[in-house]
>>> print(open('protein_17.pdb').read())   # PDB, C-alpha atoms, pLDDT in the B column
ATOM      1  CA  MET M 187     -89.118 142.642  61.023  1.00 58.00           C
ATOM      2  CA  ALA M 188     -88.305 145.541  63.295  1.00 63.00           C
ATOM      3  CA  GLU M 189     -90.154 145.809  66.585  1.00 68.00           C
ATOM      4  CA  ARG M 190     -89.848 149.597  66.810  1.00 73.00           C
ATOM      5  CA  PRO M 191     -89.651 152.269  64.105  1.00 65.00           C
ATOM      6  CA  GLU M 192     -86.241 153.363  65.473  1.00 68.00           C
ATOM      7  CA  ASP M 193     -84.882 149.909  64.637  1.00 71.00           C
ATOM      8  CA  LEU M 194     -85.237 150.763  60.951  1.00 75.00           C
ATOM      9  CA  ASN M 195     -82.865 153.740  61.187  1.00 80.00           C
ATOM     10  CA  LEU M 196     -79.315 153.524  59.941  1.00 84.00           C
ATOM     11  CA  PRO M 197     -76.602 153.699  62.614  1.00 85.00           C
ATOM     12  CA  ASN M 198     -75.822 157.303  63.604  1.00 85.00           C
ATOM     13  CA  ALA M 199     -72.069 156.679  63.563  1.00 88.00           C
ATOM     14  CA  VAL M 200     -72.214 155.597  59.921  1.00 89.00           C
ATOM     15  CA  ILE M 201     -74.347 158.585  58.925  1.00 88.00           C
ATOM     16  CA  THR M 202     -72.035 160.981  60.786  1.00 88.00           C
ATOM     17  CA  ARG M 203     -68.957 159.522  59.063  1.00 90.00           C
ATOM     18  CA  ILE M 204     -70.565 159.835  55.625  1.00 91.00           C
ATOM     19  CA  ILE M 205     -71.617 163.427  56.332  1.00 90.00           C
ATOM     20  CA  LYS M 206     -68.116 164.374  57.529  1.00 89.00           C
ATOM     21  CA  GLU M 207     -66.564 162.834  54.391  1.00 91.00           C
ATOM     22  CA  ALA M 208     -68.993 164.742  52.153  1.00 91.00           C
ATOM     23  CA  LEU M 209     -68.513 168.162  53.755  1.00 91.00           C
ATOM     24  CA  PRO M 210     -65.396 170.315  53.350  1.00 91.00           C
ATOM     25  CA  ASP M 211     -63.100 170.824  56.342  1.00 88.00           C
ATOM     26  CA  GLY M 212     -64.292 173.356  58.876  1.00 89.00           C
ATOM     27  CA  VAL M 213     -67.993 172.907  58.083  1.00 90.00           C
ATOM     28  CA  ASN M 214     -70.091 171.740  60.989  1.00 89.00           C
ATOM     29  CA  ILE M 215     -73.569 170.263  61.003  1.00 90.00           C
ATOM     30  CA  SER M 216     -76.155 170.563  63.731  1.00 91.00           C
ATOM     31  CA  LYS M 217     -77.532 167.583  65.602  1.00 90.00           C
ATOM     32  CA  GLU M 218     -81.014 168.227  64.142  1.00 92.00           C
ATOM     33  CA  ALA M 219     -79.660 168.304  60.583  1.00 92.00           C
ATOM     34  CA  ARG M 220     -77.726 165.072  61.177  1.00 90.00           C
ATOM     35  CA  SER M 221     -80.899 163.468  62.540  1.00 88.00           C
ATOM     36  CA  ALA M 222     -82.947 164.649  59.542  1.00 91.00           C
ATOM     37  CA  ILE M 223     -80.355 163.288  57.098  1.00 91.00           C
ATOM     38  CA  SER M 224     -80.292 159.999  59.001  1.00 89.00           C
ATOM     39  CA  ARG M 225     -84.083 159.643  58.778  1.00 89.00           C
ATOM     40  CA  ALA M 226     -84.099 160.599  55.094  1.00 91.00           C
ATOM     41  CA  ALA M 227     -81.338 158.067  54.347  1.00 91.00           C
ATOM     42  CA  SER M 228     -83.243 155.360  56.237  1.00 89.00           C
ATOM     43  CA  VAL M 229     -86.459 156.078  54.333  1.00 90.00           C
ATOM     44  CA  PHE M 230     -84.549 156.030  51.038  1.00 92.00           C
ATOM     45  CA  VAL M 231     -82.916 152.685  51.844  1.00 91.00           C
ATOM     46  CA  LEU M 232     -86.251 151.156  52.882  1.00 91.00           C
ATOM     47  CA  TYR M 233     -87.946 152.421  49.709  1.00 93.00           C
ATOM     48  CA  ALA M 234     -85.124 151.197  47.471  1.00 94.00           C
ATOM     49  CA  THR M 235     -85.168 147.822  49.236  1.00 93.00           C
ATOM     50  CA  SER M 236     -88.925 147.509  48.783  1.00 94.00           C
ATOM     51  CA  CYS M 237     -88.698 148.298  45.065  1.00 95.00           C
ATOM     52  CA  ALA M 238     -85.774 145.889  44.601  1.00 95.00           C
ATOM     53  CA  ASN M 239     -87.720 143.220  46.485  1.00 95.00           C
ATOM     54  CA  ASN M 240     -90.594 143.626  44.024  1.00 95.00           C
ATOM     55  CA  PHE M 241     -88.221 142.874  41.146  1.00 94.00           C
ATOM     56  CA  ALA M 242     -86.881 139.800  42.947  1.00 94.00           C
ATOM     57  CA  MET M 243     -90.427 138.561  43.645  1.00 94.00           C
ATOM     58  CA  LYS M 244     -91.377 139.008  39.974  1.00 94.00           C
ATOM     59  CA  SER M 245     -88.440 136.762  39.142  1.00 92.00           C
ATOM     60  CA  LYS M 246     -89.608 134.305  41.825  1.00 94.00           C
ATOM     61  CA  ARG M 247     -86.486 134.797  43.942  1.00 93.00           C
ATOM     62  CA  LYS M 248     -86.112 135.546  47.624  1.00 93.00           C
ATOM     63  CA  THR M 249     -82.630 137.033  47.386  1.00 93.00           C
ATOM     64  CA  LEU M 250     -82.107 140.572  46.147  1.00 93.00           C
ATOM     65  CA  SER M 251     -79.383 140.962  43.554  1.00 93.00           C
ATOM     66  CA  ALA M 252     -77.471 143.964  42.280  1.00 93.00           C
ATOM     67  CA  SER M 253     -79.593 143.959  39.128  1.00 92.00           C
ATOM     68  CA  ASP M 254     -82.725 144.243  41.303  1.00 94.00           C
ATOM     69  CA  VAL M 255     -81.290 147.296  43.044  1.00 94.00           C
ATOM     70  CA  LEU M 256     -80.288 148.908  39.733  1.00 94.00           C
ATOM     71  CA  ALA M 257     -83.746 148.253  38.296  1.00 94.00           C
ATOM     72  CA  ALA M 258     -85.288 149.743  41.444  1.00 95.00           C
ATOM     73  CA  MET M 259     -83.163 152.872  41.068  1.00 94.00           C
ATOM     74  CA  GLU M 260     -84.456 153.253  37.516  1.00 94.00           C
ATOM     75  CA  GLU M 261     -88.058 152.715  38.634  1.00 94.00           C
ATOM     76  CA  MET M 262     -87.605 155.295  41.388  1.00 94.00           C
ATOM     77  CA  GLU M 263     -86.354 157.723  38.728  1.00 94.00           C
ATOM     78  CA  PHE M 264     -82.832 157.908  40.129  1.00 94.00           C
ATOM     79  CA  ASP M 265     -81.323 157.193  36.713  1.00 93.00           C
ATOM     80  CA  ARG M 266     -78.328 159.436  37.282  1.00 95.00           C
ATOM     81  CA  PHE M 267     -77.166 157.162  40.128  1.00 92.00           C
ATOM     82  CA  ILE M 268     -77.181 153.982  38.043  1.00 94.00           C
ATOM     83  CA  SER M 269     -73.834 154.577  36.345  1.00 94.00           C
ATOM     84  CA  PRO M 270     -71.962 155.435  39.591  1.00 94.00           C
ATOM     85  CA  LEU M 271     -73.573 152.435  41.266  1.00 93.00           C
ATOM     86  CA  LYS M 272     -72.422 150.142  38.456  1.00 94.00           C
ATOM     87  CA  ASP M 273     -68.905 151.555  38.757  1.00 95.00           C
ATOM     88  CA  ALA M 274     -68.924 151.024  42.521  1.00 94.00           C
ATOM     89  CA  LEU M 275     -70.228 147.477  42.048  1.00 93.00           C
ATOM     90  CA  GLU M 276     -67.435 146.670  39.574  1.00 94.00           C
ATOM     91  CA  ALA M 277     -64.833 148.111  41.955  1.00 94.00           C
ATOM     92  CA  TYR M 278     -66.285 145.998  44.770  1.00 93.00           C
ATOM     93  CA  LYS M 279     -66.188 142.853  42.609  1.00 93.00           C
ATOM     94  CA  ARG M 280     -62.547 143.539  41.630  1.00 93.00           C
ATOM     95  CA  GLU M 281     -61.653 144.020  45.286  1.00 94.00           C
ATOM     96  CA  GLN M 282     -63.351 140.762  46.247  1.00 93.00           C
ATOM     97  CA  ARG M 283     -61.590 138.897  43.406  1.00 92.00           C
ATOM     98  CA  GLY M 284     -58.279 140.327  44.582  1.00 91.00           C
ATOM     99  CA  LYS M 285     -58.939 139.212  48.139  1.00 90.00           C
ATOM    100  CA  LYS M 286     -59.958 135.754  46.954  1.00 89.00           C
ATOM    101  CA  GLU M 287     -56.852 135.398  44.785  1.00 89.00           C
ATOM    102  CA  ALA M 288     -54.636 136.569  47.641  1.00 88.00           C
ATOM    103  CA  SER M 289     -56.273 134.055  49.963  1.00 88.00           C
ATOM    104  CA  GLU M 290     -55.793 131.244  47.450  1.00 88.00           C
ATOM    105  CA  GLN M 291     -52.160 132.261  46.959  1.00 86.00           C
ATOM    106  CA  LYS M 292     -51.592 132.151  50.717  1.00 85.00           C
ATOM    107  CA  LYS M 293     -53.076 128.665  50.824  1.00 85.00           C
ATOM    108  CA  LYS M 294     -50.799 127.560  47.976  1.00 83.00           C
ATOM    109  CA  ASP M 295     -47.783 129.099  49.699  1.00 84.00           C
ATOM    110  CA  LYS M 296     -48.637 127.378  52.978  1.00 80.00           C
ATOM    111  CA  LYS M 297     -49.262 123.987  51.389  1.00 67.00           C
ATOM    112  CA  PRO M 298     -45.650 123.202  50.407  1.00 60.00           C
ATOM    113  CA  GLU M 299     -44.480 124.178  53.886  1.00 54.00           C
ATOM    114  CA  SER M 300     -47.001 121.853  55.475  1.00 53.00           C
ATOM    115  CA  GLU M 301     -46.023 119.112  53.017  1.00 55.00           C
ATOM    116  CA  GLU M 302     -42.376 119.573  54.021  1.00 52.00           C
ATOM    117  CA  HIS M 303     -43.454 119.444  57.655  1.00 54.00           C
ATOM    118  CA  ASP M 304     -45.417 116.267  56.942  1.00 57.00           C
ATOM    119  CA  LYS M 305     -42.398 114.734  55.152  1.00 56.00           C
ATOM    120  CA  SER M 306     -40.096 115.548  58.046  1.00 57.00           C
ATOM    121  CA  LYS M 307     -42.627 113.961  60.399  1.00 59.00           C
ATOM    122  CA  GLU M 308     -42.750 110.889  58.156  1.00 62.00           C
ATOM    123  CA  ASP M 309     -38.949 110.714  58.214  1.00 61.00           C
ATOM    124  CA  GLU M 310     -38.973 110.998  62.018  1.00 61.00           C
ATOM    125  CA  ASN M 311     -41.609 108.259  62.207  1.00 62.00           C
ATOM    126  CA  GLU M 312     -39.526 106.013  59.938  1.00 64.00           C
ATOM    127  CA  GLU M 313     -36.452 106.616  62.121  1.00 62.00           C
ATOM    128  CA  ASP M 314     -38.502 105.836  65.235  1.00 62.00           C
ATOM    129  CA  THR M 315     -39.812 102.664  63.602  1.00 60.00           C
ATOM    130  CA  GLU M 316     -36.272 101.581  62.704  1.00 61.00           C
ATOM    131  CA  GLU M 317     -35.116 102.244  66.279  1.00 59.00           C
ATOM    132  CA  VAL M 318     -38.008 100.200  67.631  1.00 53.00           C
ATOM    133  CA  LYS M 319     -37.108  97.341  65.274  1.00 58.00           C
ATOM    134  CA  MET M 320     -33.489  97.499  66.368  1.00 58.00           C
ATOM    135  CA  VAL M 321     -34.520  97.404  70.022  1.00 52.00           C
ATOM    136  CA  GLU M 322     -36.909  94.529  69.309  1.00 59.00           C
ATOM    137  CA  ASP M 323     -34.144  92.653  67.479  1.00 61.00           C
ATOM    138  CA  ASP M 324     -31.772  93.254  70.390  1.00 60.00           C
ATOM    139  CA  ASP M 325     -34.423  92.045  72.832  1.00 58.00           C
ATOM    140  CA  GLN M 326     -35.029  88.968  70.699  1.00 59.00           C
ATOM    141  CA  LYS M 327     -31.280  88.206  70.609  1.00 58.00           C
ATOM    142  CA  GLU M 328     -31.082  88.586  74.386  1.00 58.00           C
ATOM    143  CA  ILE M 329     -33.979  86.175  74.811  1.00 56.00           C
ATOM    144  CA  GLU M 330     -32.344  83.677  72.473  1.00 58.00           C
ATOM    145  CA  ASN M 331     -29.025  84.032  74.299  1.00 54.00           C
ATOM    146  CA  GLU M 332     -30.753  83.492  77.644  1.00 54.00           C
ATOM    147  CA  GLU M 333     -32.494  80.389  76.287  1.00 53.00           C
ATOM    148  CA  GLU M 334     -29.162  79.048  75.060  1.00 55.00           C
ATOM    149  CA  ASP M 335     -27.598  79.727  78.452  1.00 51.00           C
ATOM    150  CA  VAL M 336     -30.449  77.908  80.171  1.00 48.00           C
ATOM    151  CA  GLU M 337     -30.031  74.921  77.872  1.00 51.00           C
ATOM    152  CA  ASN M 338     -26.319  74.794  78.500  1.00 44.00           C
TER
END
>>> encode(input="protein_17.pdb", output="structure tokens")
Amino acid sequence: MAERPEDLNLPNAVITRIIKEALPDGVNISKEARSAISRAASVFVLYATSCANNFAMKSKRKTLSASDVLAAMEEMEFDRFISPLKDALEAYKREQRGKKEASEQKKKDKKPESEEHDKSKEDENEEDTEEVKMVEDDDQKEIENEEEDVEN
């Protein structure tokens, strides 16, 4: 768990980016207002996490799932956020599937290249083996010729 209460706050850079995206151009926000929003967001996240954790514990699980978070939002009476959260979750899942499929496709595309590389290496190894055999045969013939010369 956190050692200091400040450790539970969300990162200021993230909060600032979210605020800037939410406000129209030309609208500024004071440092105090940004700090208040940051604290409120941190409290909300901690509360939502605690409620979601209760649902996970009731189901005898240690890992929070999306359904736990959605149930927590309902329990906290934030029903109007459930539908947008479900939409965002589906979009996230589609994105992850797309990334996974792209990664698998890259692996499939790389595999034939590596197989070709392996085949060319095998061919090189076979050529090397044949050369070694030829050299060994030549060496053997030389030895036999020398033995014949010695006998004669």
>>> resolve_selection(input="protein_17.pdb", expression="the PyMOL selection byres ((chain M and resi 230) around 12)", output="VMD selection string")
chain M and resid 194 to 196 223 to 229 231 to 237 258 to 259 262 264
>>> axis_aligned_box(input="protein_17.pdb", around="stretch 285-290 of chain M", padding_each_side="3 Å", output="JSON")
{"center_x": -57.3, "center_y": 135.2, "center_z": 47.4, "size_x": 11.3, "size_y": 14.0, "size_z": 11.2}
>>> atom_distance(input="protein_17.pdb", atom1="atom CA of M:Val255", atom2="atom CA of M:Arg283")
21.4 Å
>>> atom_distance(input="protein_17.pdb", atom1="atom CA of M:Glu207", atom2="atom CA of M:Arg190")
29.5 Å
>>> resolve_selection(input="protein_17.pdb", expression="the PyMOL selection byres ((chain M and resi 253) around 12)", output="number ranges by chain")
M: 237-239, 241-242, 245, 249-252, 254-260, 268, 271-272, 275
>>> atom_distance(input="protein_17.pdb", atom1="atom CA of M:Ser216", atom2="atom CA of M:Val200")
15.9 Å
